[in-house]
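Colleague: Structure file coords-v9.txt, compact mmCIF, C-alpha atoms, is pasted below:
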```
# COMPACT_ATOMS: atom_id res chain seq x y z
CA MET A 230 -24.72 -18.73 35.24
CA LEU A 231 -24.19 -19.15 31.56
CA SER A 232 -25.62 -15.74 30.72
CA ARG A 233 -23.38 -14.14 33.38
CA GLU A 234 -20.40 -15.88 31.90
CA ARG A 235 -21.34 -14.76 28.42
CA ALA A 236 -21.86 -11.22 29.61
CA ARG A 237 -18.42 -11.19 31.20
CA LEU A 238 -16.92 -12.23 27.92
CA GLY A 239 -18.35 -9.49 25.80
CA TYR A 240 -21.45 -11.03 24.32
CA SER A 241 -24.49 -8.82 23.99
CA THR A 242 -27.27 -9.51 26.44
CA ARG A 243 -30.84 -8.45 26.60
CA LEU A 244 -30.14 -6.03 29.46
CA GLY A 245 -28.69 -3.41 27.16
CA TRP A 246 -25.19 -3.74 28.58
CA LYS A 247 -22.24 -4.23 26.39
CA THR A 248 -19.07 -5.78 27.73
CA HIS A 249 -15.52 -5.91 26.43
CA PRO A 250 -12.94 -8.53 27.30
CA VAL A 251 -10.30 -5.84 27.06
CA ARG A 252 -10.31 -2.24 28.14
CA PRO A 253 -12.52 0.14 26.26
CA LEU A 254 -11.00 2.45 23.67
CA ARG A 255 -10.86 5.51 25.89
CA ASP A 256 -9.31 3.92 28.98
CA GLY A 257 -5.87 4.65 30.36
CA PRO A 258 -2.55 3.46 29.02
CA GLU A 259 -2.10 0.40 31.20
CA PRO A 260 -3.54 -2.73 29.66
CA VAL A 261 -6.16 -4.45 31.73
CA SER A 262 -6.39 -8.15 31.18
CA GLY A 263 -9.59 -10.02 31.60
CA SER A 264 -13.07 -8.67 31.29
CA CYS A 265 -14.33 -5.25 32.17
CA VAL A 266 -17.86 -4.02 31.93
CA HIS A 267 -19.13 -0.58 31.10
CA LEU A 268 -22.50 0.79 30.22
CA VAL A 269 -22.92 1.86 26.62
CA SER A 270 -25.72 4.34 26.58
CA GLY A 271 -26.48 6.64 23.68
CA GLN A 272 -24.79 9.50 25.49
CA GLU A 273 -21.62 7.56 26.11
CA ASP A 274 -21.54 6.48 22.50
CA ARG A 275 -21.81 10.08 21.39
CA LEU A 276 -19.05 11.11 23.80
CA ALA A 277 -16.83 8.34 22.54
CA ASP A 278 -17.57 9.30 18.96
CA THR A 279 -16.79 12.95 19.64
CA ASP A 280 -13.61 12.00 21.43
CA GLU A 281 -12.51 9.78 18.57
CA ARG A 282 -13.45 12.35 15.96
CA ASP A 283 -11.31 14.91 17.75
CA LEU A 284 -8.40 12.51 17.78
CA ILE A 285 -8.86 11.71 14.10
CA ALA A 286 -8.96 15.42 13.29
CA ARG A 287 -5.73 15.92 15.23
CA LEU A 288 -4.16 12.95 13.48
CA ARG A 289 -5.12 14.34 10.08
CA THR A 290 -3.30 17.56 10.83
CA ARG A 291 -0.34 15.49 12.06
CA GLU A 292 -0.38 17.04 15.47
CA PRO A 293 2.68 15.63 17.25
CA GLU A 294 0.82 14.43 20.32
CA ALA A 295 -1.96 12.72 18.38
CA LEU A 296 0.14 9.68 17.51
CA GLY A 297 1.05 9.27 21.18
CA GLU A 298 -2.63 9.39 22.04
CA VAL A 299 -3.34 6.68 19.47
CA TYR A 300 -0.62 4.53 20.98
CA ARG A 301 -1.86 5.22 24.49
CA ARG A 302 -5.31 4.00 23.51
CA LEU A 303 -4.50 1.20 21.11
CA GLY A 304 -0.89 0.26 21.82
CA SER A 305 -1.81 -2.76 23.88
CA ALA A 306 -4.30 -4.03 21.30
CA MET A 307 -1.76 -3.47 18.50
CA THR A 308 0.99 -5.29 20.41
CA THR A 309 -1.34 -8.11 21.46
CA LEU A 310 -2.45 -8.69 17.88
CA ALA A 311 1.09 -8.58 16.51
CA SER A 312 2.48 -10.82 19.26
CA SER A 313 -0.34 -13.33 18.91
CA MET A 314 0.11 -13.47 15.17
CA LEU A 315 3.90 -13.50 14.93
CA ARG A 316 4.77 -15.25 18.21
CA ASP A 317 7.90 -13.15 18.44
CA ARG A 318 8.21 -10.15 20.75
CA GLU A 319 10.85 -8.25 18.79
CA GLU A 320 9.15 -8.76 15.48
CA ALA A 321 5.83 -7.73 16.99
CA HIS A 322 7.37 -4.50 18.28
CA ASP A 323 8.84 -3.81 14.84
CA VAL A 324 5.43 -4.31 13.27
CA VAL A 325 3.76 -1.96 15.76
CA GLU A 326 6.45 0.63 15.06
CA ASP A 327 5.89 0.32 11.31
CA ALA A 328 2.15 0.53 11.88
CA LEU A 329 2.56 3.81 13.76
CA LEU A 330 4.54 5.22 10.87
CA ARG A 331 1.87 4.15 8.42
CA VAL A 332 -0.79 5.70 10.61
CA HIS A 333 1.20 8.93 10.63
CA ARG A 334 1.67 8.90 6.85
CA ALA A 335 -1.87 7.87 5.96
CA ALA A 336 -3.68 9.96 8.58
CA PRO A 337 -4.36 12.97 6.30
CA ASP A 338 -6.35 10.68 3.98
CA PHE A 339 -8.20 8.85 6.77
CA ARG A 340 -11.80 10.00 6.98
CA GLY A 341 -12.76 7.86 9.92
CA GLU A 342 -15.69 5.90 8.45
CA ARG A 343 -14.30 2.62 9.72
CA GLY A 344 -13.39 3.80 13.17
CA LEU A 345 -9.92 4.39 14.45
CA ARG A 346 -9.44 1.06 16.19
CA THR A 347 -10.57 -0.94 13.18
CA TRP A 348 -8.34 1.08 10.86
CA VAL A 349 -5.26 0.79 13.03
CA LEU A 350 -5.74 -2.94 13.64
CA ARG A 351 -6.21 -3.45 9.91
CA ILE A 352 -2.81 -1.88 9.33
CA VAL A 353 -1.25 -4.11 11.98
CA ALA A 354 -2.94 -7.23 10.55
CA ASN A 355 -1.68 -6.39 7.05
CA LEU A 356 1.86 -5.89 8.29
CA CYS A 357 1.68 -9.20 10.17
CA ARG A 358 0.52 -10.96 7.02
CA ASP A 359 3.45 -9.47 5.10
CA ARG A 360 5.87 -10.71 7.73
CA LEU A 361 4.34 -14.18 7.82
CA ARG A 362 4.46 -14.36 4.03
CA ARG A 363 8.12 -13.44 4.07
CA ARG A 364 8.98 -16.13 6.58
CA LYS A 365 8.04 -18.87 4.09
CA PHE A 366 8.12 -21.53 6.78
CA ILE A 367 6.23 -22.39 9.90
CA ALA A 368 8.22 -22.38 13.09
CA PRO A 369 8.25 -25.79 14.71
CA ASN A 370 6.03 -26.19 17.71
CA ASN A 371 8.36 -26.71 20.61
CA ASP A 372 6.41 -27.99 23.59
CA ASP A 373 9.28 -27.28 25.99
CA GLU A 374 9.42 -23.61 25.09
CA ASP A 375 7.41 -21.14 27.13
CA PRO A 376 4.78 -19.94 24.67
CA PHE A 377 4.52 -16.57 26.43
CA GLU A 378 8.18 -15.75 26.77
CA ARG A 379 9.07 -15.63 23.09
CA ALA A 380 5.81 -13.96 22.02
CA GLY A 381 6.02 -11.30 24.73
CA LEU A 382 2.55 -12.11 26.04
CA SER A 383 1.50 -12.06 29.66
CA PHE A 384 -1.22 -14.01 31.41
CA ASP A 385 -3.43 -12.64 34.15
CA PRO A 386 -4.97 -15.41 36.23
CA ILE A 387 -8.72 -15.67 35.75
CA GLU A 388 -10.93 -15.16 38.76
CA GLU A 389 -13.81 -17.53 39.48
CA TRP A 390 -12.17 -20.41 37.67
CA ASP A 391 -12.75 -24.07 38.32
CA GLY A 392 -9.94 -25.00 40.70
CA ALA A 393 -9.65 -28.48 39.27
CA LEU A 394 -8.38 -27.08 36.02
CA ASP A 395 -4.86 -25.72 35.97
CA GLN A 396 -5.18 -22.33 34.30
CA HIS A 397 -1.53 -21.97 33.46
CA LYS A 398 -1.35 -25.36 31.83
CA LEU A 399 -4.53 -24.67 29.89
CA VAL A 400 -3.43 -21.24 28.74
CA ALA A 401 -0.03 -22.57 27.68
CA ALA A 402 -1.74 -25.31 25.70
CA MET A 403 -4.07 -22.71 24.22
CA GLU A 404 -1.13 -20.58 23.08
CA ARG A 405 0.48 -23.53 21.37
CA ALA A 406 -2.86 -24.29 19.74
CA ILE A 407 -3.16 -20.69 18.51
CA ALA A 408 0.37 -20.86 17.10
CA ALA A 409 -0.63 -23.96 15.17
CA LEU A 410 -3.71 -22.34 13.61
CA PRO A 411 -3.62 -21.13 10.00
CA GLN A 412 -2.97 -17.39 9.78
CA ASP A 413 -6.47 -16.48 8.59
CA GLN A 414 -8.12 -18.30 11.50
CA ARG A 415 -5.59 -17.04 14.02
CA GLU A 416 -6.15 -13.37 13.26
CA ILE A 417 -9.93 -13.76 13.56
CA VAL A 418 -9.86 -15.66 16.83
CA VAL A 419 -7.41 -13.17 18.32
CA MET A 420 -9.45 -10.19 17.21
CA ARG A 421 -12.70 -11.67 18.46
CA HIS A 422 -11.73 -13.22 21.77
CA ARG A 423 -8.53 -11.45 22.72
CA LEU A 424 -9.23 -7.92 21.53
CA GLY A 425 -13.02 -8.04 21.86
CA LEU A 426 -13.89 -6.90 18.33
CA SER A 427 -17.40 -7.56 17.05
CA HIS A 428 -18.02 -9.52 13.89
CA ALA A 429 -18.75 -6.26 12.06
CA GLU A 430 -15.46 -4.74 13.24
CA ILE A 431 -13.56 -7.86 12.17
CA MET A 432 -15.23 -7.64 8.77
CA GLU A 433 -14.05 -4.06 8.45
CA ALA A 434 -10.58 -4.76 9.77
CA LEU A 435 -9.89 -7.76 7.56
CA GLY A 436 -12.04 -6.88 4.58
CA VAL A 437 -13.84 -10.24 4.48
CA PRO A 438 -17.59 -10.98 4.49
CA GLU A 439 -19.42 -11.75 7.70
CA GLY A 440 -20.04 -15.38 6.70
CA THR A 441 -16.31 -15.88 6.26
CA VAL A 442 -15.62 -14.36 9.66
CA LYS A 443 -18.11 -16.68 11.32
CA SER A 444 -16.99 -19.82 9.52
CA ARG A 445 -13.31 -19.16 10.17
CA LEU A 446 -14.06 -18.42 13.79
CA ALA A 447 -16.04 -21.63 14.19
CA ARG A 448 -13.25 -23.65 12.58
CA ALA A 449 -10.64 -21.96 14.73
CA LEU A 450 -12.54 -22.63 17.96
CA ALA A 451 -13.08 -26.25 17.00
CA ALA A 452 -9.37 -26.64 16.27
CA LEU A 453 -8.41 -24.94 19.54
CA ARG A 454 -10.78 -27.15 21.50
CA GLU A 455 -9.43 -30.30 19.87
CA HIS A 456 -5.80 -29.31 20.30
CA VAL A 457 -6.12 -28.29 23.95
CA THR A 458 -8.31 -31.25 24.90
CA LYS A 459 -5.79 -33.64 23.33
CA GLU A 460 -2.93 -32.01 25.21
CA ILE A 461 -4.63 -31.75 28.56
CA VAL A 462 -6.75 -34.87 28.91
CA MET B 135 -7.14 -33.45 34.66
CA SER B 136 -10.37 -35.30 34.93
CA ASN B 137 -11.84 -37.19 32.03
CA ARG B 138 -14.94 -35.00 32.36
CA PHE B 139 -12.92 -32.03 31.17
CA GLU B 140 -14.95 -29.95 28.75
CA LEU B 141 -13.64 -26.91 26.98
CA ASP B 142 -16.70 -25.00 25.92
CA GLU B 143 -16.66 -21.74 24.00
CA VAL B 144 -17.02 -19.66 27.14
CA ARG B 145 -13.95 -21.18 28.72
CA ILE B 146 -11.97 -20.88 25.54
CA ALA B 147 -12.91 -17.21 25.31
CA ARG B 148 -11.92 -16.58 28.92
CA LEU B 149 -8.58 -18.28 28.42
CA LEU B 150 -7.95 -16.32 25.25
CA GLY B 151 -8.96 -13.01 26.83
CA ALA B 152 -6.68 -13.51 29.82
CA VAL B 153 -3.58 -13.17 27.66
CA GLN B 154 -2.42 -9.73 26.55
CA ALA B 155 0.76 -7.99 25.51
CA PRO B 156 1.57 -4.65 27.12
CA ALA B 157 2.43 -1.70 24.96
CA ASP B 158 6.12 -0.84 25.07
CA PRO B 159 6.79 2.93 25.33
CA ALA B 160 10.11 2.43 23.51
CA VAL B 161 8.17 1.53 20.37
CA LEU B 162 6.50 4.94 20.31
CA THR B 163 9.85 6.62 20.97
CA ARG B 164 11.43 4.81 18.02
CA ALA B 165 8.48 5.60 15.77
CA ARG B 166 8.68 9.28 16.67
CA ALA B 167 12.41 9.30 15.99
CA ARG B 168 11.81 7.82 12.55
CA ILE B 169 9.11 10.38 11.83
CA ALA B 170 11.44 13.16 12.91
CA ALA B 171 14.20 11.75 10.70
CA MET B 172 11.78 11.68 7.77
CA GLY B 173 11.03 15.32 8.46
CA ASP B 174 14.73 16.24 8.18
CA VAL B 175 14.96 14.96 4.61
CA PRO B 176 14.57 17.76 2.04
CA GLY B 177 11.17 17.78 0.40
CA VAL B 178 12.29 16.55 -3.01
CA PHE B 179 14.17 13.57 -1.59
CA ALA B 180 11.31 12.73 0.70
CA TRP B 181 8.97 12.83 -2.27
CA LEU B 182 11.28 10.54 -4.25
CA GLY B 183 10.64 7.82 -1.72
CA THR B 184 6.89 7.90 -2.15
CA PRO B 185 4.74 5.77 -4.44
CA ALA B 186 3.77 8.96 -6.26
CA ALA B 187 7.39 9.34 -7.34
CA LEU B 188 7.42 5.82 -8.74
CA ALA B 189 4.20 6.50 -10.61
CA ALA B 190 5.58 9.78 -11.95
CA ALA B 191 8.74 7.99 -13.12
CA CYS B 192 6.66 5.38 -14.95
CA VAL B 193 4.55 8.06 -16.62
CA ALA B 194 7.68 9.96 -17.68
CA MET B 195 9.16 6.80 -19.13
CA LEU B 196 6.01 6.04 -21.11
CA LEU B 197 5.83 9.62 -22.36
CA SER B 198 9.43 9.61 -23.51
CA ALA B 199 8.92 6.26 -25.23
CA GLY B 200 5.84 7.63 -27.00
CA VAL B 201 7.62 10.78 -28.11
CA SER B 202 10.59 8.76 -29.40
CA LEU B 203 8.28 6.49 -31.37
CA ALA B 204 6.47 9.45 -32.87
CA VAL B 205 9.74 11.11 -33.92
CA LEU B 206 11.00 7.88 -35.51
CA ARG B 207 7.77 7.41 -37.45
CA ALA B 208 7.83 10.98 -38.72
CA GLU B 209 11.48 10.65 -39.75
CA ARG B 210 11.16 7.40 -41.70
CA PRO B 211 9.34 8.66 -44.90
CA ALA B 212 11.77 11.54 -45.34
CA ALA B 213 14.76 9.24 -45.00
CA ALA B 214 13.25 6.79 -47.47
CA ALA B 215 12.77 9.56 -49.99
CA ARG B 216 16.45 10.51 -49.77
CA GLU B 217 17.67 6.96 -50.24
CA THR B 218 18.60 5.87 -53.82
CA SER B 219 19.60 2.44 -54.93
CA LEU B 220 22.54 1.69 -57.26
CA VAL B 221 20.24 0.64 -60.09
CA SER B 222 18.12 3.75 -59.91
CA ALA B 223 21.26 5.87 -59.81
CA LEU B 224 22.61 4.18 -62.99
CA ILE B 225 19.33 4.48 -64.82
CA ASP B 226 19.07 8.13 -64.00
CA ASP B 227 22.71 8.83 -64.89
CA ASP B 228 23.38 11.02 -67.90
CA GLY B 229 26.71 9.36 -68.78
CA SER B 230 28.89 11.51 -66.62
CA TYR B 231 28.83 9.04 -63.71
CA GLY B 232 28.50 11.89 -61.36
CA LEU B 233 31.41 13.90 -62.71
CA PRO B 234 31.09 17.34 -64.26
CA THR B 235 30.87 16.98 -68.02
CA SER B 236 33.54 19.60 -68.96
CA ALA B 237 36.07 18.16 -66.57
CA ALA B 238 35.60 14.69 -68.04
CA VAL B 239 36.26 15.96 -71.55
CA ALA B 240 39.31 17.91 -70.46
CA THR B 241 40.79 14.87 -68.78
CA VAL B 242 40.47 12.74 -71.89
CA THR B 243 41.97 15.48 -74.15
CA ASP B 244 44.93 16.28 -71.86
CA GLY B 245 45.74 12.67 -71.29
CA GLY B 246 46.04 11.95 -75.07
CA ALA B 247 48.28 15.00 -75.83
CA GLN B 248 50.68 15.03 -72.97
CA GLY B 249 51.15 11.35 -72.33
CA GLY B 250 49.92 10.98 -68.86
CA PRO B 251 51.11 8.28 -66.54
CA ASP B 252 48.63 5.83 -67.99
CA SER B 253 49.12 6.62 -71.69
CA GLY B 254 52.03 4.27 -72.34
CA THR B 255 54.23 7.10 -73.82
CA VAL B 256 57.65 7.94 -72.40
CA SER B 257 58.16 11.54 -71.71
CA GLN B 258 61.53 13.06 -72.39
```
Let me see the structure of the file written as structure tokens.
Modeller:
Amino acid sequence: MLSRERARLGYSTRLGWKTHPVRPLRDGPEPVSGSCVHLVSGQEDRLADTDERDLIARLRTREPEALGEVYRRLGSAMTTLASSMLRDREEAHDVVEDALLRVHRAAPDFRGERGLRTWVLRIVANLCRDRLRRRKFIAPNNDDEDPFERAGLSFDPIEEWDGALDQHKLVAAMERAIAALPQDQREIVVMRHRLGLSHAEIMEALGVPEGTVKSRLARALAALREHVTKEIV
Amino acid sequence: MSNRFELDEVRIARLLGAVQAPADPAVLTRARARIAAMGDVPGVFAWLGTPAALAAACVAMLLSAGVSLAVLRAERPAAAARETSLVSALIDDDGSYGLPTSAAVATVTDGGAQGGPDSGTVSQ
């Protein structure tokens, strides 16, 4: 049971299957919440690499449709990261818009070593940090406010969930807990568990060592657990 | 909620993964409009807004400061050579106090004979 659960959530298993909590890079434009599973064989990896290399080559030549393709693939991840970090829908959209412009400007110099998703999310994370730095204050945690409404986030009910636990209440408490996390922990927990990035991808995206990623993640999860347990129990 | 409520990592991850934000097509439209607007700006003005322009301006400022300093340093010895103090001018003077010698003599002679304005004589 536990291994099935872990597999659904994107952890590597011994069966050679890799899972992603969010849609894979090459899926369609509509965001799919929850887990989805796909086989990562060597052939599929090569196809994905070729596909991404083509897109990067098109981006580098500033082909007009290439930016749209980037947004089609990564728009949901970009918006989710920005919304989760900033907790403000309009500001998150502004950040994603700025990120697209930066992608367009910087594309000719992008060689693709880091991978497109990692590079784009790094740009979004940097812009979010700039915004948070400029705010110079932490918004008060208002328990009466719908944590999804203002942030522009949407919740898809989880299947196979313990009926005794109210999902909506838990998720709302979780969002308030995320909002209360320090920025460096928040971005890591969102990238890992909401966007499905691996530790190595998070290292690349944030430019921090693996040990830092793991320690921040552990601290963030402990804080989330404590905050939600306090609120719910 | 029951007191046996346990929020393990798997549940936390499922709760976190169930929340997403959809991409808004209007964002891409706005970004494209801004890119198009950037494209309408003439090349020089577009370049002026880049970090390279700022760097070029800094380099130009440093260059001009360096050139100015070099010119000032080269000019200073020549100016110092031209400068003469009052003492050195008096020491070097030959008694004419800067006036032509023949003119000085003529002035003294004419003034004594004709009764100039400062001679004290009354002219008739």
Colleague: Kindly provide, as a ChimeraX atom specification, the polymer residues lying within 10 Å of (-8.1, -13.9, 11.4), counting all atoms listed in the file and using the coordinates exactly as they appear in the file.
Modeller: /A:314,354,410-421,431-432,434-435,437,441-442,445-446,449
Colleague: Just how far from atom CA of B:Pro176 is atom CA of A:Arg287, in Å to one decimal?
Modeller: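 Taking atom CA of A:Arg287 as the start and atom CA of B:Pro176 as the end point, the length is 24.3 Å.
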Colleague: Given a cut-off of 12 Å, which residues of chain B touch chain A, counting all atoms listed in the file, written out as a VMD selection string?
Modeller: chain B and resid 135 to 173 184
Colleague: Rounded to one decimal, what separation in Å do you get between atom CA of A:Ala452 and atom CA of A:Ala409?
Modeller: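 So the answer is 9.2 Å.
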Colleague: Rounded to one decimal place, report the atom CA of A:Arg405-atom CA of A:Ile352 distance in Å.
Modeller: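 Going from atom CA of A:Arg405 over to atom CA of A:Ile352, I get 25.0 Å.
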